[in-house]
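**Student:** Structure file start.txt (compact mmCIF, C-alpha atoms and all ligand atoms) is given on the next line.
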# COMPACT_ATOMS: atom_id res chain seq x y z
CA MET A 10 59.56 -53.28 136.59
CA PRO A 11 59.53 -49.53 137.29
CA VAL A 12 60.80 -47.20 134.58
CA LYS A 13 64.33 -45.95 135.28
CA ILE A 14 66.16 -43.24 133.34
CA ARG A 15 69.90 -42.73 133.56
CA GLN A 16 71.68 -39.72 132.11
CA ILE A 17 74.05 -40.42 129.22
CA GLY A 18 76.37 -37.99 127.49
CA PRO A 19 75.44 -34.33 127.89
CA CYS A 20 72.59 -33.58 130.27
CA PHE A 21 69.82 -33.82 127.68
CA ALA A 22 70.04 -37.54 126.81
CA GLY A 23 68.83 -40.41 128.98
CA GLU A 24 68.83 -44.19 128.75
CA VAL A 25 65.59 -45.91 129.73
CA ASP A 26 65.15 -49.25 131.48
CA GLY A 27 61.90 -51.00 132.28
CA ILE A 28 59.92 -50.53 129.04
CA ASP A 29 58.97 -53.46 126.81
CA MET A 30 57.43 -52.02 123.64
CA ARG A 31 55.86 -55.35 122.72
CA LYS A 32 53.28 -54.78 125.47
CA PRO A 33 50.72 -52.02 125.87
CA LEU A 34 51.98 -49.24 128.12
CA THR A 35 50.39 -48.66 131.51
CA PRO A 36 49.30 -45.08 132.35
CA ASP A 37 52.25 -44.87 134.77
CA GLU A 38 54.67 -45.83 132.01
CA VAL A 39 53.18 -43.24 129.64
CA ALA A 40 53.54 -40.59 132.35
CA ALA A 41 57.13 -41.66 133.08
CA ILE A 42 58.10 -41.39 129.40
CA HIS A 43 56.57 -37.92 129.01
CA ALA A 44 58.25 -36.78 132.24
CA GLY A 45 61.53 -38.22 130.97
CA MET A 46 61.14 -36.38 127.67
CA ASP A 47 60.46 -33.13 129.54
CA GLU A 48 63.52 -33.58 131.72
CA TYR A 49 65.85 -34.75 128.95
CA ALA A 50 64.97 -34.29 125.28
CA VAL A 51 66.43 -37.52 123.89
CA LEU A 52 65.62 -40.96 125.33
CA VAL A 53 67.34 -44.19 124.30
CA PHE A 54 65.60 -47.58 124.67
CA HIS A 55 67.79 -50.63 124.07
CA ASP A 56 66.99 -54.24 123.12
CA GLN A 57 63.54 -53.67 121.68
CA ARG A 58 62.46 -56.39 119.23
CA ILE A 59 59.34 -54.90 117.78
CA THR A 60 57.20 -55.36 114.73
CA LYS A 61 55.91 -52.46 112.68
CA GLU A 62 52.54 -52.80 114.41
CA GLN A 63 54.14 -52.70 117.87
CA GLN A 64 56.11 -49.56 116.97
CA VAL A 65 52.94 -47.86 115.78
CA ALA A 66 51.00 -48.93 118.89
CA PHE A 67 53.79 -47.71 121.20
CA THR A 68 53.95 -44.37 119.35
CA GLU A 69 50.18 -43.90 119.38
CA SER A 70 50.05 -44.40 123.12
CA LEU A 71 52.13 -41.22 123.46
CA GLY A 72 50.17 -38.87 121.18
CA GLU A 73 48.81 -38.11 117.73
CA LEU A 74 50.62 -39.72 114.80
CA GLU A 75 52.10 -37.70 111.97
CA TYR A 76 51.93 -39.43 108.59
CA ALA A 77 54.80 -39.27 106.11
CA ILE A 78 52.83 -38.13 103.10
CA GLY A 79 54.50 -36.22 100.31
CA SER A 80 57.73 -35.49 102.17
CA SER A 81 60.16 -37.64 100.15
CA LEU A 82 60.89 -38.25 96.48
CA ARG A 83 59.62 -41.83 96.59
CA ALA A 84 56.67 -42.29 94.25
CA PRO A 85 53.63 -43.86 95.95
CA GLU A 86 54.27 -47.20 94.20
CA ASP A 87 57.91 -47.17 95.42
CA HIS A 88 57.08 -47.15 99.10
CA ARG A 89 58.61 -49.93 101.16
CA LEU A 90 56.69 -49.09 104.35
CA PRO A 91 53.14 -47.91 105.11
CA ASN A 92 52.90 -44.11 105.27
CA VAL A 93 52.66 -44.07 109.05
CA PHE A 94 56.47 -44.55 108.82
CA ALA A 95 59.08 -42.16 107.53
CA ASP A 96 61.41 -44.53 105.71
CA VAL A 97 64.82 -43.43 106.92
CA SER A 98 66.57 -46.43 105.38
CA ASN A 99 68.65 -46.28 102.21
CA LEU A 100 66.57 -49.11 100.69
CA ASP A 101 64.27 -49.31 97.72
CA LYS A 102 61.06 -51.33 97.77
CA ASN A 103 63.04 -54.50 96.92
CA GLU A 104 65.18 -53.99 100.06
CA LYS A 105 68.27 -53.06 97.99
CA PRO A 106 70.38 -49.96 98.73
CA PHE A 107 69.72 -47.11 96.31
CA LYS A 108 72.36 -46.69 93.63
CA TYR A 109 75.03 -44.08 94.41
CA ASP A 110 73.56 -41.49 92.05
CA ASP A 111 69.88 -42.31 92.65
CA ARG A 112 67.97 -39.06 93.03
CA ARG A 113 66.13 -40.38 96.09
CA ARG A 114 69.45 -41.16 97.81
CA LEU A 115 70.89 -37.76 96.94
CA PHE A 116 67.77 -36.04 98.31
CA ALA A 117 68.12 -38.04 101.54
CA ILE A 118 71.67 -36.73 101.99
CA GLY A 119 69.83 -33.63 103.26
CA ASN A 120 69.39 -35.59 106.51
CA ARG A 121 73.12 -35.15 107.11
CA LEU A 122 72.51 -31.45 107.69
CA TRP A 123 71.33 -30.35 111.13
CA HIS A 124 67.55 -30.24 111.15
CA SER A 125 64.38 -30.66 113.14
CA ASP A 126 61.95 -33.20 111.66
CA SER A 127 59.04 -31.82 109.68
CA SER A 128 59.95 -28.19 110.34
CA PHE A 129 58.84 -27.83 106.70
CA LYS A 130 55.26 -28.65 107.74
CA ALA A 131 52.96 -25.97 109.16
CA THR A 132 52.34 -28.24 112.14
CA PRO A 133 55.78 -29.71 112.68
CA ALA A 134 56.82 -32.84 114.60
CA LYS A 135 56.77 -33.31 118.36
CA TYR A 136 58.61 -36.58 119.06
CA SER A 137 60.39 -38.72 116.49
CA LEU A 138 60.88 -42.41 117.31
CA LEU A 139 63.60 -44.03 115.24
CA TYR A 140 64.01 -47.79 115.37
CA CYS A 141 67.13 -49.58 114.19
CA LEU A 142 66.88 -52.89 112.29
CA SER A 143 70.40 -52.94 110.82
CA VAL A 144 73.51 -50.81 111.04
CA ALA A 145 76.08 -49.76 108.47
CA SER A 146 79.60 -51.21 108.72
CA LYS A 147 80.89 -47.80 109.76
CA GLY A 148 79.54 -44.30 110.37
CA GLY A 149 75.80 -43.66 110.51
CA ASN A 150 75.70 -42.23 114.04
CA THR A 151 72.83 -39.85 114.73
CA GLU A 152 73.90 -36.67 116.51
CA PHE A 153 71.62 -34.48 118.60
CA ALA A 154 72.06 -30.85 119.64
CA ASP A 155 70.35 -29.28 122.63
CA MET A 156 68.56 -26.14 121.51
CA ARG A 157 67.64 -25.08 125.05
CA ALA A 158 71.31 -24.83 125.99
CA ALA A 159 71.93 -23.07 122.67
CA TYR A 160 69.29 -20.46 123.49
CA ASP A 161 70.35 -20.03 127.13
CA THR A 162 73.94 -19.27 126.15
CA LEU A 163 73.11 -16.46 123.71
CA ASP A 164 73.84 -12.97 124.98
CA GLU A 165 70.91 -10.68 125.80
CA GLU A 166 71.36 -8.59 122.67
CA ARG A 167 71.02 -11.66 120.45
CA LYS A 168 68.05 -12.96 122.39
CA ALA A 169 66.31 -9.59 121.88
CA LEU A 170 67.23 -9.55 118.17
CA ILE A 171 65.68 -12.94 117.44
CA GLU A 172 62.75 -12.95 119.87
CA ASP A 173 60.03 -12.23 117.31
CA LEU A 174 61.63 -13.44 114.09
CA VAL A 175 59.75 -15.75 111.75
CA CYS A 176 61.50 -18.00 109.22
CA GLU A 177 60.44 -19.77 106.06
CA HIS A 178 61.20 -23.51 106.00
CA SER A 179 61.21 -25.82 103.01
CA GLN A 180 63.02 -29.00 102.04
CA MET A 181 64.10 -27.09 98.93
CA PHE A 182 66.20 -24.76 101.13
CA SER A 183 68.04 -27.61 102.86
CA ARG A 184 68.69 -29.39 99.56
CA ALA A 185 69.86 -26.17 97.91
CA GLN A 186 72.66 -26.03 100.49
CA LEU A 187 73.96 -29.26 98.93
CA GLY A 188 73.47 -28.08 95.36
CA PHE A 189 70.34 -30.18 94.89
CA THR A 190 68.12 -27.64 93.16
CA GLU A 191 66.28 -29.46 90.42
CA PHE A 192 62.66 -30.04 91.31
CA THR A 193 59.63 -30.68 89.17
CA GLU A 194 56.70 -28.27 89.22
CA GLU A 195 54.76 -30.80 91.29
CA GLU A 196 57.60 -31.03 93.84
CA ARG A 197 57.95 -27.24 94.04
CA GLU A 198 54.28 -27.02 94.86
CA ARG A 199 54.50 -29.83 97.43
CA PHE A 200 57.62 -28.34 99.07
CA LYS A 201 56.29 -24.77 99.30
CA PRO A 202 57.75 -22.96 102.36
CA VAL A 203 55.91 -22.73 105.66
CA LEU A 204 56.47 -20.27 108.51
CA GLN A 205 58.08 -21.07 111.87
CA THR A 206 59.13 -18.87 114.76
CA LEU A 207 62.85 -18.78 115.47
CA VAL A 208 62.35 -18.95 119.23
CA ARG A 209 60.04 -21.53 120.76
CA THR A 210 58.66 -21.88 124.25
CA HIS A 211 58.16 -25.46 125.34
CA PRO A 212 54.52 -26.06 126.27
CA SER A 213 55.19 -28.22 129.33
CA THR A 214 58.45 -26.85 130.73
CA GLY A 215 58.05 -23.19 129.71
CA ARG A 216 61.71 -23.11 128.63
CA LYS A 217 62.74 -21.29 125.51
CA SER A 218 64.82 -22.84 122.76
CA LEU A 219 66.15 -21.95 119.35
CA TYR A 220 64.04 -23.42 116.58
CA LEU A 221 66.59 -23.91 113.85
CA SER A 222 66.71 -26.38 110.98
CA SER A 223 68.59 -26.56 107.70
CA HIS A 224 65.13 -26.28 106.11
CA ALA A 225 65.06 -22.60 107.22
CA GLY A 226 66.00 -20.43 104.25
CA SER A 227 64.74 -16.92 104.95
CA ILE A 228 63.57 -14.58 107.69
CA LEU A 229 60.48 -12.49 107.02
CA GLY A 230 61.42 -8.86 106.35
CA TRP A 231 65.17 -9.56 106.09
CA PRO A 232 67.40 -9.53 103.01
CA ILE A 233 68.38 -13.11 102.13
CA PRO A 234 72.16 -12.87 102.80
CA GLU A 235 71.57 -11.31 106.24
CA ALA A 236 69.01 -13.99 107.04
CA ARG A 237 71.13 -16.89 105.81
CA PHE A 238 74.15 -15.60 107.68
CA LEU A 239 72.24 -15.26 110.96
CA LEU A 240 70.78 -18.76 110.58
CA ARG A 241 74.20 -20.17 109.81
CA ASP A 242 75.81 -18.31 112.71
CA LEU A 243 73.15 -19.47 115.18
CA THR A 244 73.50 -23.05 113.89
CA GLU A 245 77.24 -22.91 114.38
CA HIS A 246 76.69 -21.73 117.95
CA ALA A 247 73.99 -24.35 118.64
CA THR A 248 75.98 -27.32 117.40
CA GLN A 249 79.20 -26.84 119.37
CA ARG A 250 80.41 -30.20 120.64
CA LYS A 251 79.48 -29.36 124.22
CA PHE A 252 75.80 -29.25 123.20
CA VAL A 253 75.91 -32.50 121.17
CA TYR A 254 75.14 -36.14 121.98
CA SER A 255 76.22 -38.67 119.35
CA HIS A 256 74.28 -41.94 119.28
CA LYS A 257 76.06 -45.03 117.99
CA TRP A 258 73.33 -47.44 116.91
CA THR A 259 72.91 -51.07 117.94
CA VAL A 260 70.21 -53.23 116.36
CA GLY A 261 67.12 -53.07 118.59
CA ASP A 262 67.68 -49.46 119.72
CA LEU A 263 64.78 -47.07 119.58
CA VAL A 264 65.72 -43.44 120.09
CA MET A 265 63.04 -40.86 120.78
CA TRP A 266 63.71 -37.13 120.59
CA ASP A 267 61.76 -33.93 121.01
CA ASN A 268 62.00 -31.94 117.77
CA ARG A 269 60.74 -28.82 119.53
CA ARG A 270 64.07 -28.37 121.33
CA THR A 271 66.67 -30.46 119.56
CA MET A 272 68.22 -30.66 116.13
CA HIS A 273 69.80 -33.81 114.77
CA ARG A 274 71.74 -35.11 111.79
CA VAL A 275 72.95 -38.48 110.53
CA ARG A 276 76.65 -38.95 109.88
CA PRO A 277 77.77 -40.45 106.55
CA TYR A 278 78.02 -44.21 106.00
CA PRO A 279 78.94 -46.38 102.97
CA ALA A 280 76.31 -46.12 100.22
CA GLU A 281 76.39 -49.86 99.52
CA ASP A 282 75.68 -50.88 103.13
CA VAL A 283 72.15 -51.72 104.27
CA ARG A 284 71.01 -49.27 106.93
CA ASP A 285 67.46 -50.18 107.81
CA MET A 286 65.73 -47.65 110.06
CA ARG A 287 62.09 -46.75 110.41
CA ARG A 288 60.68 -43.68 112.06
CA THR A 289 57.30 -43.00 113.56
CA THR A 290 56.48 -39.42 114.45
CA LEU A 291 54.09 -37.51 116.68
CA LYS A 292 52.56 -34.19 115.68
CA ALA A 293 53.27 -31.05 117.70
CA GLU A 294 50.41 -29.09 119.32
CA GLY A 295 49.91 -26.92 116.23
CA PRO A 296 51.72 -24.36 114.06
CA THR A 297 54.33 -22.19 115.79
CA VAL A 298 52.94 -19.14 114.00
CA ARG A 299 49.95 -18.30 111.82
CA GLN A 300 50.59 -19.20 108.19
CA GLN A 301 50.17 -16.48 105.58
CA ALA A 302 47.32 -16.85 103.17
CA ALA A 303 48.60 -18.44 99.96
FE FE B 401 65.50 -36.28 110.75
Can you dump the structure from the file as structure tokens?
Ligand SMILES: [Fe+2]

**Tutor:**
Amino acid sequence: MPVKIRQIGPCFAGEVDGIDMRKPLTPDEVAAIHAGMDEYAVLVFHDQRITKEQQVAFTESLGELEYAIGSSLRAPEDHRLPNVFADVSNLDKNEKPFKYDDRRRLFAIGNRLWHSDSSFKATPAKYSLLYCLSVASKGGNTEFADMRAAYDTLDEERKALIEDLVCEHSQMFSRAQLGFTEFTEEERERFKPVLQTLVRTHPSTGRKSLYLSSHAGSILGWPIPEARFLLRDLTEHATQRKFVYSHKWTVGDLVMWDNRRTMHRVRPYPAEDVRDMRRTTLKAEGPTVRQQAA
């Protein structure tokens, strides 16, 4: 069956028919998915019943895997999934929801802020592929914002102002916005900021987009309040409803998005519900800017 993509919601989300992730992809299917990602930035695949191995194989056929090492507060012995997955569930290794005041749950509340995956890594994420195994009784939608439209609708003065700006990103900055500021020395070292440009040019389409994320906490050469205000103001602009697609999950959905030109956030859901999601991730081409020597 040929791959078909139908637009859903705002113009940057599409629904895909004709892909069965249990089977290896043909070269034509790989090309159709990449073309679809270039045209849209979010693709939704329904009714996939895939094992962990099938999700990894599907992801690998589209590019180089990013491993989830050292990016959460789960201790190595607490991992529920192999580290090729980012565990986006609210479950501990015994498949039970984290307690309300569990530090790992509170840290994960950071995912409710608008962000781009792995913007806190020198080489950030290209595509994220999030697979849904169970849904919460209410809430838990994932919302996406189109950062190309956000960039295009800035006035020329703003575009000129931000063209060459470089930001520092760290998970400590996003958590600090929620008052989560207590980190061990080891975590502070692991979550040290990296640099990212504020404007990105997409390698295959040549289009510019805003590269924002709640992990961004400073702009090189700017006083902190000026920097934080600009980042907040740009985020407010970028996440107007007209730029947002909200995905309501059904078990078996896999949603793939391009972190280079979208932001996303999860909406709240009851802490006691089981929300089982697993994410595989592809690495971007390389850093957006040269990192400073430590
Ligand atoms: Fe995310």

**Student:** Quick one, how far is CA of Asp262 (chain A) from CA of Leu34 (chain A)?

**Tutor:**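 That distance, rounded to one decimal, is 17.8 Å.
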
**Student:** Within 10 Å of ligand FE 401 (chain B) (counting all atoms listed in the file), which residues show up? I'd like them as a short mmCIF file (atom, residue, chain, number, x, y, z; two decimals) with C-alpha atoms, in the frame of the given file.

**Tutor:**
data_model
loop_
_atom_site.label_atom_id
_atom_site.label_comp_id
_atom_site.auth_asym_id
_atom_site.auth_seq_id
_atom_site.Cartn_x
_atom_site.Cartn_y
_atom_site.Cartn_z
CA ALA A 95 59.08 -42.16 107.53
CA VAL A 97 64.82 -43.43 106.92
CA ALA A 117 68.12 -38.04 101.54
CA GLY A 119 69.83 -33.63 103.26
CA ASN A 120 69.39 -35.59 106.51
CA ARG A 121 73.12 -35.15 107.11
CA LEU A 122 72.51 -31.45 107.69
CA TRP A 123 71.33 -30.35 111.13
CA HIS A 124 67.55 -30.24 111.15
CA SER A 125 64.38 -30.66 113.14
CA ASP A 126 61.95 -33.20 111.66
CA SER A 127 59.04 -31.82 109.68
CA SER A 128 59.95 -28.19 110.34
CA SER A 137 60.39 -38.72 116.49
CA LEU A 139 63.60 -44.03 115.24
CA THR A 151 72.83 -39.85 114.73
CA SER A 222 66.71 -26.38 110.98
CA ASN A 268 62.00 -31.94 117.77
CA MET A 272 68.22 -30.66 116.13
CA HIS A 273 69.80 -33.81 114.77
CA ARG A 274 71.74 -35.11 111.79
CA VAL A 275 72.95 -38.48 110.53
CA ARG A 288 60.68 -43.68 112.06
#

**Student:** Pick the closest to His246 (chain A) from A:Arg167, A:Arg276, A:Lys147, A:His224: which is it, counting all atoms listed in the file?

**Tutor:** A:Arg167

**Student:** List as a list of chain:residue names the residues having at least one atom at most 10 Å from position (66.5, -23.6, 118.9) as given in the file, counting only C-alpha atoms.

**Tutor:**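 So the residues meeting the distance criterion are A:Ser125, A:Ala154, A:Asp155, A:Met156, A:Arg157, A:Ala158, A:Ala159, A:Tyr160, A:Asp161, A:Thr206, A:Leu207, A:Val208, A:Arg209, A:Thr210, A:Lys217, A:Ser218, A:Leu219, A:Tyr220, A:Leu221, A:Ser222, A:Leu243, A:Thr244, A:Ala247, A:Asn268, A:Arg269, A:Arg270, A:Thr271, A:Met272.
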
**Student:** In terms of the shortest atom-to-atom distance over all atoms listed in the file, which of A:Asp110, A:Glu62, A:Glu69, A:Asp242 is closest to Pro91 (chain A)?

**Tutor:** A:Glu62

**Student:** Could you jot down the CA of Leu263 (chain A) to CA of Leu71 (chain A) separation for me, Å, one decimal place?

**Tutor:** 14.5 Å

**Student:** I need the residue nearest Phe129 (chain A) from this list: A:Tyr76, A:Phe94, A:Phe67, A:Phe200. Use all atoms listed in the file for the distance.

**Tutor:**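 The shortest atom-to-atom distance to Phe129 (chain A) comes from A:Phe200.
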
**Student:** Restricting the calculation to only C-alpha atoms: of A:Leu291, A:Cys176, A:Ala66, A:Leu239, which residue gets closest to Val203 (chain A)?

**Tutor:**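 The answer is A:Cys176, which sits nearest to Val203 (chain A).
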
**Student:** As an exercise, work out the distance from CA of Val253 (chain A) to CA of Gly215 (chain A) in Å and give it to one decimal place.

**Tutor:** 21.9 Å
